[in-house]
>>> print(open('structure.tsv').read())   # TSV, C-alpha atoms
chain	number	residue	atom	x	y	z
A	471	MET	CA	89.48	-94.14	121.10
A	472	LYS	CA	88.75	-97.85	120.89
A	473	ASN	CA	90.03	-97.98	117.31
A	474	PHE	CA	93.08	-95.94	118.19
A	475	LEU	CA	93.97	-98.32	121.02
A	476	LYS	CA	93.49	-101.31	118.78
A	477	LYS	CA	96.05	-99.95	116.33
A	478	LEU	CA	98.79	-99.67	118.93
A	479	ASP	CA	100.93	-102.71	119.55
A	480	PRO	CA	102.13	-103.02	123.17
A	481	TRP	CA	105.04	-105.28	122.17
A	482	LEU	CA	106.36	-102.65	119.80
A	483	ILE	CA	105.96	-99.96	122.46
A	484	VAL	CA	108.18	-101.95	124.83
A	485	TYR	CA	110.63	-102.63	122.01
A	486	ALA	CA	110.78	-98.93	121.10
A	487	GLY	CA	111.47	-98.01	124.73
A	488	LEU	CA	114.29	-100.51	124.95
A	489	MET	CA	115.90	-99.35	121.71
A	490	GLY	CA	115.52	-95.73	122.81
A	491	GLY	CA	117.22	-96.54	126.10
A	492	LEU	CA	120.09	-98.33	124.38
A	493	TYR	CA	120.85	-95.54	121.95
A	494	VAL	CA	119.89	-92.35	123.78
A	495	LYS	CA	123.56	-92.00	124.81
A	496	VAL	CA	124.93	-93.24	121.49
A	497	ALA	CA	127.42	-90.39	120.98
A	498	TYR	CA	129.02	-90.96	124.38
A	499	LEU	CA	128.90	-94.76	124.42
A	500	ALA	CA	130.07	-95.28	120.83
A	501	ALA	CA	133.08	-93.04	121.54
A	502	LEU	CA	133.75	-94.96	124.75
A	503	TYR	CA	133.57	-98.38	123.13
A	504	LEU	CA	135.65	-97.27	120.13
A	505	ASP	CA	138.26	-96.01	122.56
A	506	GLY	CA	138.09	-99.36	124.33
A	507	VAL	CA	139.07	-101.14	121.11
A	508	GLN	CA	142.28	-99.10	121.06
A	509	THR	CA	142.99	-99.42	124.78
A	510	PRO	CA	142.23	-102.94	126.03
A	511	VAL	CA	142.27	-103.53	129.76
A	512	SER	CA	142.65	-106.78	131.65
A	513	HIS	CA	141.31	-107.64	135.10
A	514	PRO	CA	141.70	-110.94	137.00
A	515	LEU	CA	137.93	-111.28	137.39
A	516	PHE	CA	137.05	-111.03	133.70
A	517	PRO	CA	137.65	-113.69	131.02
A	518	ASP	CA	139.30	-112.32	127.87
A	519	PHE	CA	136.01	-112.31	125.96
A	520	PHE	CA	134.52	-109.86	128.45
A	521	THR	CA	137.46	-107.45	128.24
A	522	SER	CA	137.68	-107.37	124.46
A	523	GLY	CA	136.93	-103.91	123.10
A	524	LYS	CA	135.69	-105.39	119.84
A	525	VAL	CA	133.17	-107.58	121.68
A	526	ALA	CA	131.74	-104.54	123.49
A	527	LEU	CA	131.47	-102.54	120.29
A	528	ILE	CA	129.81	-105.37	118.35
A	529	ALA	CA	127.39	-106.06	121.22
A	530	TYR	CA	126.45	-102.39	121.34
A	531	LEU	CA	125.82	-102.17	117.62
A	532	ALA	CA	124.16	-105.59	117.13
A	533	PRO	CA	120.62	-104.48	118.13
A	534	LEU	CA	120.64	-102.07	115.18
A	535	VAL	CA	119.77	-105.05	112.94
A	536	THR	CA	116.56	-105.74	114.87
A	537	PRO	CA	114.38	-103.12	113.08
A	538	LEU	CA	115.28	-104.87	109.84
A	539	VAL	CA	114.49	-108.29	111.33
A	540	LEU	CA	111.07	-107.06	112.44
A	541	PHE	CA	110.35	-105.26	109.18
A	542	LEU	CA	111.26	-108.23	107.00
A	543	GLY	CA	109.85	-110.92	109.25
A	544	ARG	CA	106.59	-109.57	110.68
A	545	SER	CA	106.06	-112.85	112.49
A	546	GLN	CA	106.30	-114.26	115.99
A	547	ASN	CA	109.60	-115.83	115.06
A	548	ALA	CA	110.97	-112.49	113.88
A	549	ARG	CA	109.99	-110.98	117.22
A	550	LYS	CA	111.65	-113.84	119.08
A	551	LEU	CA	114.81	-113.39	117.00
A	552	ALA	CA	114.86	-109.63	117.59
A	553	ALA	CA	114.32	-110.14	121.33
A	554	ALA	CA	117.05	-112.80	121.44
A	555	ILE	CA	119.51	-110.43	119.74
A	556	LEU	CA	118.62	-107.72	122.25
A	557	LEU	CA	118.97	-110.15	125.15
A	558	GLY	CA	122.35	-111.39	123.96
A	559	ALA	CA	123.71	-107.90	123.36
A	560	ASN	CA	122.52	-106.59	126.73
A	561	ALA	CA	123.77	-109.67	128.60
A	562	VAL	CA	127.24	-109.38	127.06
A	563	LEU	CA	127.49	-105.68	127.87
A	564	LEU	CA	126.16	-106.23	131.40
A	565	CYS	CA	129.02	-108.65	132.08
A	566	HIS	CA	131.66	-106.77	130.07
A	567	ILE	CA	134.32	-104.61	131.70
A	568	ALA	CA	133.21	-101.74	129.47
A	569	GLY	CA	129.54	-101.89	130.48
A	570	TYR	CA	129.11	-103.69	133.82
A	571	ASN	CA	128.55	-100.47	135.77
A	572	ASP	CA	125.81	-99.17	133.49
A	573	ALA	CA	122.35	-100.11	134.78
A	574	THR	CA	121.14	-99.54	131.21
A	575	TYR	CA	122.02	-103.16	130.56
A	576	THR	CA	120.28	-104.44	133.70
A	577	SER	CA	117.08	-102.89	132.39
A	578	GLY	CA	118.05	-104.13	128.95
A	579	VAL	CA	118.37	-107.77	130.00
A	580	TRP	CA	115.07	-107.83	131.89
A	581	VAL	CA	113.07	-105.95	129.28
A	582	SER	CA	114.58	-108.14	126.53
A	583	LEU	CA	113.48	-111.20	128.49
A	584	TYR	CA	109.99	-109.70	128.71
A	585	LEU	CA	110.00	-109.12	124.94
A	586	LEU	CA	111.19	-112.68	124.29
A	587	TRP	CA	108.56	-114.13	126.59
A	588	SER	CA	105.76	-111.91	125.25
A	589	ALA	CA	106.65	-112.57	121.61
A	590	THR	CA	104.42	-115.60	122.11
A	591	PRO	CA	100.84	-114.34	122.54
A	592	ARG	CA	99.89	-114.21	126.24
A	593	GLU	CA	96.80	-113.29	128.19
A	594	ALA	CA	96.63	-109.63	129.16
A	595	LYS	CA	96.39	-110.56	132.84
A	596	GLN	CA	99.67	-112.44	132.60
A	597	LEU	CA	101.38	-109.68	130.62
A	598	ILE	CA	100.36	-107.10	133.20
A	599	PHE	CA	101.41	-109.28	136.14
A	600	PHE	CA	104.89	-109.99	134.79
A	601	GLY	CA	105.34	-106.39	133.67
A	602	LYS	CA	104.46	-105.09	137.13
A	603	ALA	CA	106.78	-107.68	138.67
A	604	LEU	CA	109.71	-106.34	136.64
A	605	ILE	CA	108.97	-102.70	137.43
A	606	GLY	CA	108.57	-103.50	141.13
A	607	LEU	CA	111.84	-105.45	141.13
A	608	PHE	CA	113.76	-102.42	139.85
A	609	PHE	CA	112.37	-100.09	142.50
A	610	LEU	CA	112.77	-102.66	145.27
A	611	GLY	CA	116.36	-103.33	144.22
A	612	GLY	CA	117.07	-99.62	144.41
A	613	ALA	CA	115.38	-99.28	147.80
A	614	VAL	CA	117.01	-102.14	149.71
A	615	GLY	CA	120.50	-100.99	148.78
A	616	LYS	CA	119.67	-97.71	150.51
A	617	PHE	CA	118.52	-99.26	153.78
A	618	THR	CA	121.67	-97.97	155.44
A	619	ALA	CA	122.61	-95.00	157.63
A	620	GLU	CA	124.27	-93.07	154.79
A	621	TYR	CA	120.95	-92.80	152.98
A	622	TRP	CA	118.83	-92.25	156.09
A	623	ASP	CA	120.98	-89.27	157.14
A	624	GLY	CA	121.23	-88.19	153.50
A	625	SER	CA	125.03	-87.99	153.36
A	626	ALA	CA	125.34	-90.30	150.32
A	627	LEU	CA	122.91	-88.38	148.11
A	628	HIS	CA	124.12	-85.06	149.54
A	629	ASP	CA	127.56	-85.72	148.11
A	630	ILE	CA	126.46	-87.37	144.86
A	631	TYR	CA	123.66	-84.96	143.94
A	632	PHE	CA	123.78	-81.76	145.99
A	633	MET	CA	127.57	-81.32	145.92
A	634	GLN	CA	128.67	-82.89	142.63
A	635	LYS	CA	125.84	-82.34	140.13
A	636	GLN	CA	126.23	-79.40	137.79
A	637	ASN	CA	122.69	-79.43	136.41
A	638	PHE	CA	119.64	-77.54	137.70
A	639	PRO	CA	118.55	-77.32	140.46
A	640	PHE	CA	121.70	-78.33	142.33
A	641	PRO	CA	124.01	-75.36	141.53
A	642	TYR	CA	121.08	-73.04	142.30
A	643	LEU	CA	120.52	-74.70	145.68
A	644	ARG	CA	124.23	-74.51	146.55
A	645	ASP	CA	124.34	-70.82	145.64
A	646	SER	CA	121.08	-69.83	147.29
A	647	PHE	CA	121.04	-71.66	150.61
A	648	SER	CA	123.38	-72.19	153.52
A	649	VAL	CA	125.44	-75.34	153.84
A	650	GLU	CA	123.21	-76.51	156.70
A	651	THR	CA	120.01	-75.92	154.75
A	652	VAL	CA	121.31	-77.80	151.71
A	653	ARG	CA	122.36	-80.63	154.00
A	654	SER	CA	118.84	-80.77	155.48
A	655	MET	CA	117.33	-80.76	151.99
A	656	ALA	CA	119.56	-83.70	151.09
A	657	THR	CA	118.33	-85.61	154.13
A	658	GLY	CA	114.71	-85.00	153.16
A	659	PHE	CA	115.36	-85.84	149.50
A	660	SER	CA	117.16	-89.05	150.45
A	661	ARG	CA	114.44	-90.25	152.82
A	662	ILE	CA	111.69	-89.49	150.29
A	663	THR	CA	113.66	-91.38	147.63
A	664	VAL	CA	114.09	-94.46	149.80
A	665	PHE	CA	110.46	-94.39	150.90
A	666	ALA	CA	109.14	-93.91	147.34
A	667	GLU	CA	111.32	-96.68	145.94
A	668	ALA	CA	110.29	-99.07	148.72
A	669	LEU	CA	106.63	-98.22	148.13
A	670	LEU	CA	106.92	-98.81	144.39
A	671	GLY	CA	108.73	-102.05	145.15
A	672	THR	CA	105.29	-103.37	146.12
A	673	VAL	CA	103.73	-102.41	142.79
A	674	ILE	CA	103.12	-106.05	141.92
A	675	PHE	CA	100.20	-105.88	144.38
A	676	TRP	CA	98.71	-102.72	142.84
A	677	SER	CA	96.27	-102.26	139.99
A	678	ILE	CA	98.08	-101.00	136.94
A	679	ARG	CA	96.25	-97.64	136.71
A	680	PRO	CA	97.08	-96.30	140.20
A	681	ALA	CA	100.54	-97.79	139.83
A	682	ALA	CA	101.04	-95.93	136.56
A	683	ALA	CA	99.74	-92.71	138.11
A	684	VAL	CA	102.61	-92.86	140.62
A	685	ILE	CA	105.33	-94.51	138.54
A	686	ILE	CA	105.10	-92.29	135.45
A	687	PRO	CA	105.66	-88.95	137.26
A	688	MET	CA	108.39	-90.52	139.36
A	689	ILE	CA	110.29	-91.86	136.35
A	690	ILE	CA	109.89	-88.59	134.47
A	691	GLY	CA	111.21	-86.76	137.55
A	692	MET	CA	114.23	-89.10	137.68
A	693	ILE	CA	114.89	-88.46	134.00
A	694	PHE	CA	114.81	-84.67	134.39
A	695	LEU	CA	116.87	-84.63	137.60
A	696	SER	CA	119.56	-86.65	135.86
A	697	GLN	CA	119.47	-84.48	132.71
A	698	PHE	CA	118.23	-87.45	130.71
A	699	GLN	CA	121.24	-89.58	131.75
A	700	LEU	CA	118.89	-92.03	133.48
A	701	PHE	CA	116.58	-92.35	130.48
A	702	SER	CA	118.64	-95.30	129.30
A	703	VAL	CA	117.88	-97.12	132.56
A	704	VAL	CA	114.31	-96.10	133.38
A	705	GLY	CA	113.07	-95.17	129.88
A	706	PRO	CA	112.43	-98.83	128.94
A	707	LEU	CA	110.48	-99.25	132.20
A	708	LEU	CA	108.42	-96.15	131.38
A	709	PHE	CA	107.51	-97.57	128.00
A	710	LEU	CA	106.70	-100.88	129.67
A	711	VAL	CA	104.23	-99.05	131.91
A	712	PHE	CA	102.64	-97.47	128.80
A	713	ALA	CA	102.32	-100.91	127.23
A	714	LEU	CA	100.72	-102.34	130.38
A	715	ILE	CA	98.19	-99.51	130.47
A	716	LEU	CA	97.34	-100.29	126.88
A	717	GLU	CA	96.92	-103.99	127.65
A	718	ARG	CA	94.65	-103.07	130.53
A	719	ALA	CA	92.60	-100.66	128.43
A	720	ARG	CA	92.14	-103.11	125.59
A	721	PHE	CA	90.85	-105.76	127.92
A	722	SER	CA	88.58	-103.54	129.96
A	723	PRO	CA	84.87	-104.45	129.75
A	724	GLU	CA	84.13	-101.60	127.33
A	725	CYS	CA	86.93	-102.66	125.04
A	726	ARG	CA	86.98	-106.40	125.21
A	727	ASP	CA	87.37	-107.20	121.53
A	728	PRO	CA	90.20	-109.55	120.80
A	729	LEU	CA	93.67	-108.12	120.35
A	730	PRO	CA	94.61	-107.03	116.89
A	731	SER	CA	96.14	-110.35	116.13
A	732	SER	CA	99.76	-110.74	117.14
A	733	PRO	CA	101.95	-111.82	114.25
A	734	LYS	CA	101.71	-115.52	113.57
B	794	MET	CA	110.68	-118.98	126.83
B	795	GLY	CA	107.97	-120.30	129.08
B	796	SER	CA	106.17	-118.43	131.82
B	797	LYS	CA	107.48	-120.81	134.48
B	798	ILE	CA	111.12	-120.11	133.63
B	799	PHE	CA	110.57	-116.36	133.37
B	800	GLY	CA	108.60	-116.34	136.60
B	801	ALA	CA	111.27	-118.38	138.39
B	802	LEU	CA	114.02	-115.95	137.28
B	803	ILE	CA	112.02	-113.02	138.59
B	804	ALA	CA	111.17	-114.80	141.86
B	805	VAL	CA	114.79	-115.77	142.59
B	806	THR	CA	115.92	-112.19	141.94
B	807	TYR	CA	113.19	-110.84	144.25
B	808	LEU	CA	114.35	-113.26	146.93
B	809	TRP	CA	117.98	-112.13	146.61
B	810	VAL	CA	116.93	-108.48	146.79
B	811	LEU	CA	114.73	-109.07	149.81
B	812	LEU	CA	117.51	-110.90	151.66
B	813	THR	CA	119.98	-108.03	151.17
B	814	PRO	CA	119.08	-106.01	154.29
B	815	PHE	CA	118.76	-109.08	156.52
B	816	VAL	CA	121.55	-111.47	155.51
B	817	PRO	CA	125.06	-110.01	155.80
B	818	ALA	CA	126.47	-112.59	153.36
B	819	VAL	CA	124.13	-111.26	150.66
B	820	SER	CA	124.96	-107.59	151.16
B	821	LEU	CA	128.67	-108.43	151.39
B	822	ALA	CA	128.39	-110.33	148.11
B	823	GLY	CA	126.78	-107.24	146.60
B	824	MET	CA	129.53	-104.95	147.86
B	825	ARG	CA	132.24	-107.33	146.63
B	826	ARG	CA	130.45	-107.32	143.28
B	827	PHE	CA	130.55	-103.50	143.23
B	828	ASN	CA	134.30	-103.49	143.90
B	829	LEU	CA	135.10	-106.33	141.44
B	830	LEU	CA	136.30	-108.56	144.27
B	831	THR	CA	133.99	-111.56	143.71
B	832	GLU	CA	135.94	-114.83	143.70
B	833	THR	CA	134.73	-116.13	140.36
B	834	PHE	CA	133.33	-114.59	137.21
B	835	PRO	CA	130.15	-116.77	137.13
B	836	ALA	CA	129.33	-115.75	140.72
B	837	TRP	CA	129.83	-112.09	139.81
B	838	ALA	CA	127.94	-112.32	136.50
B	839	ALA	CA	124.96	-114.07	138.14
B	840	GLN	CA	124.53	-111.06	140.43
B	841	GLN	CA	124.65	-108.62	137.55
B	842	VAL	CA	120.95	-109.13	136.84
B	843	VAL	CA	120.07	-107.85	140.32
B	844	PRO	CA	118.79	-104.28	139.95
B	845	SER	CA	120.92	-102.18	142.28
B	846	MET	CA	120.76	-98.54	141.28
B	847	TYR	CA	122.45	-96.29	143.81
B	848	ASN	CA	122.99	-99.21	146.20
B	849	PHE	CA	125.38	-98.87	149.15
B	850	ALA	CA	127.47	-95.83	150.09
B	851	ASN	CA	130.37	-96.02	147.68
B	852	THR	CA	133.56	-94.02	147.34
B	853	GLY	CA	136.35	-94.12	144.82
B	854	ILE	CA	139.36	-92.25	143.53
B	855	LEU	CA	141.96	-92.78	140.82
B	856	ILE	CA	145.25	-91.29	141.88
B	857	PRO	CA	149.05	-91.67	141.44
B	858	GLU	CA	150.45	-94.11	143.99
B	859	SER	CA	152.69	-91.43	145.48
B	860	LEU	CA	149.62	-89.38	146.48
B	861	GLU	CA	147.65	-92.29	147.91
B	862	GLU	CA	148.35	-91.31	151.53
B	863	HIS	CA	146.51	-88.03	150.98
B	864	ALA	CA	143.69	-89.35	148.82
B	865	VAL	CA	140.16	-88.37	149.74
B	866	PRO	CA	137.88	-90.75	147.80
B	867	VAL	CA	134.71	-89.12	146.51
B	868	ALA	CA	131.15	-90.36	146.92
B	869	THR	CA	130.22	-92.39	143.87
B	870	ASN	CA	126.91	-93.73	142.68
B	871	HIS	CA	126.90	-97.35	141.60
B	872	PHE	CA	130.13	-99.28	140.97
B	873	PRO	CA	133.04	-97.18	142.29
B	874	THR	CA	135.52	-98.99	140.03
B	875	ARG	CA	133.94	-97.16	137.11
B	876	HIS	CA	136.29	-94.25	137.90
B	877	TYR	CA	138.68	-96.05	135.59
B	878	THR	CA	136.75	-98.61	133.56
B	879	PHE	CA	133.93	-96.31	132.41
B	880	ASN	CA	136.11	-93.55	131.02
B	881	LEU	CA	138.11	-92.80	127.91
B	882	ARG	CA	141.07	-94.96	128.83
B	883	SER	CA	143.26	-93.53	126.06
B	884	THR	CA	143.28	-90.28	128.07
B	885	TYR	CA	143.53	-91.90	131.50
B	886	ASN	CA	146.29	-94.25	130.40
B	887	LEU	CA	148.61	-91.30	129.79
B	888	ALA	CA	148.99	-90.98	133.56
B	889	LEU	CA	149.58	-94.65	134.40
B	890	PRO	CA	150.54	-96.22	136.72
B	891	GLN	CA	147.73	-95.17	139.05
B	892	VAL	CA	145.94	-96.58	142.05
B	893	LEU	CA	142.17	-97.03	142.14
B	894	VAL	CA	140.99	-96.96	145.75
B	895	THR	CA	137.33	-97.88	146.26
B	896	SER	CA	134.95	-98.84	149.03
B	897	SER	CA	131.32	-99.72	149.67
B	898	THR	CA	129.52	-99.45	153.00
B	899	TYR	CA	126.17	-100.92	154.08
B	900	GLN	CA	124.69	-101.18	157.56
B	901	GLY	CA	128.08	-100.73	159.21
B	902	ARG	CA	129.85	-103.31	157.08
B	903	MET	CA	132.53	-102.17	154.65
B	904	VAL	CA	134.37	-103.61	151.68
B	905	ASN	CA	137.58	-101.96	150.50
B	906	ALA	CA	139.43	-102.55	147.26
B	907	ARG	CA	142.72	-101.35	145.89
B	908	HIS	CA	143.55	-101.83	142.24
B	909	VAL	CA	146.91	-100.91	140.79
B	910	ILE	CA	146.58	-100.02	137.11
B	911	ARG	CA	149.65	-100.31	134.94
B	912	LYS	CA	150.41	-100.19	131.24
B	913	ALA	CA	150.35	-103.72	129.86
B	914	PRO	CA	153.45	-104.93	127.99
B	915	GLU	CA	151.30	-105.93	125.00
B	916	GLY	CA	149.50	-102.56	124.94
B	917	GLY	CA	146.54	-101.18	126.81
B	918	SER	CA	146.47	-101.59	130.58
B	919	GLU	CA	146.07	-104.15	133.33
B	920	MET	CA	144.19	-103.84	136.60
B	921	VAL	CA	145.69	-105.81	139.45
B	922	ILE	CA	144.17	-106.23	142.90
B	923	GLU	CA	146.96	-105.41	145.33
B	924	PRO	CA	146.82	-104.68	149.04
B	925	LYS	CA	148.51	-101.51	150.19
B	926	PRO	CA	152.22	-102.21	150.74
>>> encode(input="structure.tsv", output="structure tokens")
Amino acid sequence: MKNFLKKLDPWLIVYAGLMGGLYVKVAYLAALYLDGVQTPVSHPLFPDFFTSGKVALIAYLAPLVTPLVLFLGRSQNARKLAAAILLGANAVLLCHIAGYNDATYTSGVWVSLYLLWSATPREAKQLIFFGKALIGLFFLGGAVGKFTAEYWDGSALHDIYFMQKQNFPFPYLRDSFSVETVRSMATGFSRITVFAEALLGTVIFWSIRPAAAVIIPMIIGMIFLSQFQLFSVVGPLLFLVFALILERARFSPECRDPLPSSPK
Amino acid sequence: MGSKIFGALIAVTYLWVLLTPFVPAVSLAGMRRFNLLTETFPAWAAQQVVPSMYNFANTGILIPESLEEHAVPVATNHFPTRHYTFNLRSTYNLALPQVLVTSSTYQGRMVNARHVIRKAPEGGSEMVIEPKP
């Protein structure tokens, strides 16, 4: 087990999660951005650069060079370059009219920053602290925006999930229960969601193992409920949790050998 | 990138998030961000790093102007303006001009937006913020 853990590289786990998140919806997003090249749109808020269809398409495809950078470089600098490319691409898409609404790029920017920062070797304690801070920030950000009557009475999630979603279990619930019962379920679901997100917003104060025991099932549940649509947003965070567990395990008293050396 | 800079970025974002329920100016800024009504692009872009999944109670609908009186905007997760911007515009543009009516609500405060979307003379389309006549 000790040898197995030593072979895994937490940085690459986080990187793989981020790349997986970026390209899990590749068929849909590539079609969308290609369409955007043909049909430009202007808006008074956005500078021309951030409405250009070509810019969005290039930003979306740019991270595909990073595996090559890492394979050829195998150094700290290669990791920094790969992380910088990911950061730039995610930042452009996050502020672009084609991508601003997709929280994929919010995760992308923060996880890229983590990769850039952790490309320089850091102490495990620091890596775990900053990783937990990022994960907590995402859940807290989700929670505070729901501290409003529409989420406490469940009406917002009732409409978005219980009325509009076409994936299991929502059609089954609509067909099997009365309108009032479904409405009550939505209220319960909404309150549990807000409570769970607020709780996980405090994860920076938790040890990583109990935190992971709660966060991993919750993220997997979110992924399944959304039919994998949310993987692009929370998938990178899930892989970050895996990497933090690995950091913790490798620096536990029974496994305190030095890291397999990070690339120089 | 140093730990101090990274830590400061995270701390400032935490602070902004934590102020949201307590400072109306912060939640209003968030709702204006969601409806693309922020005054300047840098002010809007700076908020984009704030994680805000399923924030606010949002509604939106894209509809011909002639039907606007009867429009019933639908509940929408995240930015309601995505009803137009996050779709295959080549298909949606066939029906232009259209009106994009959106709103966000939080703790009794509400932000409304109305975009008119027209075909642009040089091709593609243009979104213009226009109050209801």
>>> closest_residue(input="structure.tsv", among="A:Leu557, A:Ala568, A:Val649, A:Leu670", to="Thr509 (chain A)", atoms="only C-alpha atoms")
A:Ala568
>>> residues_around(input="structure.tsv", residues="Ala838 (chain B)", least_positions_apart="3", cutoff="10 Å", atoms="all atoms listed in the file", output="short mmCIF file (atom, residue, chain, number, x, y, z; two decimals) with C-alpha atoms, in the coordinates of the input")
data_model
loop_
_atom_site.label_atom_id
_atom_site.label_comp_id
_atom_site.auth_asym_id
_atom_site.auth_seq_id
_atom_site.Cartn_x
_atom_site.Cartn_y
_atom_site.Cartn_z
CA PHE A 516 137.05 -111.03 133.70
CA ALA A 561 123.77 -109.67 128.60
CA VAL A 562 127.24 -109.38 127.06
CA LEU A 564 126.16 -106.23 131.40
CA CYS A 565 129.02 -108.65 132.08
CA HIS A 566 131.66 -106.77 130.07
CA TYR A 570 129.11 -103.69 133.82
CA ARG B 826 130.45 -107.32 143.28
CA THR B 831 133.99 -111.56 143.71
CA THR B 833 134.73 -116.13 140.36
CA PHE B 834 133.33 -114.59 137.21
CA PRO B 835 130.15 -116.77 137.13
CA GLN B 841 124.65 -108.62 137.55
CA VAL B 842 120.95 -109.13 136.84
CA VAL B 843 120.07 -107.85 140.32
#
>>> closest_residue(input="structure.tsv", among="A:Met692, A:Met633, A:Val664, A:Ile567", to="chain B", atoms="all atoms listed in the file")
A:Ile567
>>> interface_residues(input="structure.tsv", of="chain A", to="chain B", cutoff="7 Å", atoms="all atoms listed in the file", output="MDAnalysis selection string")
chainID A and resid 502 505:506 509:516 564:565 567:568 571 573 576 586:587 607:608 611:612 614:620 626 629:630
>>> atom_distance(input="structure.tsv", atom1="CA of Leu499 (chain A)", atom2="CA of Lys550 (chain A)")
26.3 Å
>>> atom_distance(input="structure.tsv", atom1="CA of Lys595 (chain A)", atom2="CA of Val539 (chain A)")
28.2 Å
>>> residues_near_point(input="structure.tsv", point="(120.0, -108.1, 113.1)", cutoff="12 Å", atoms="all atoms listed in the file", output="VMD selection string")
chain A and resid 528 to 543 548 to 556 558 to 559
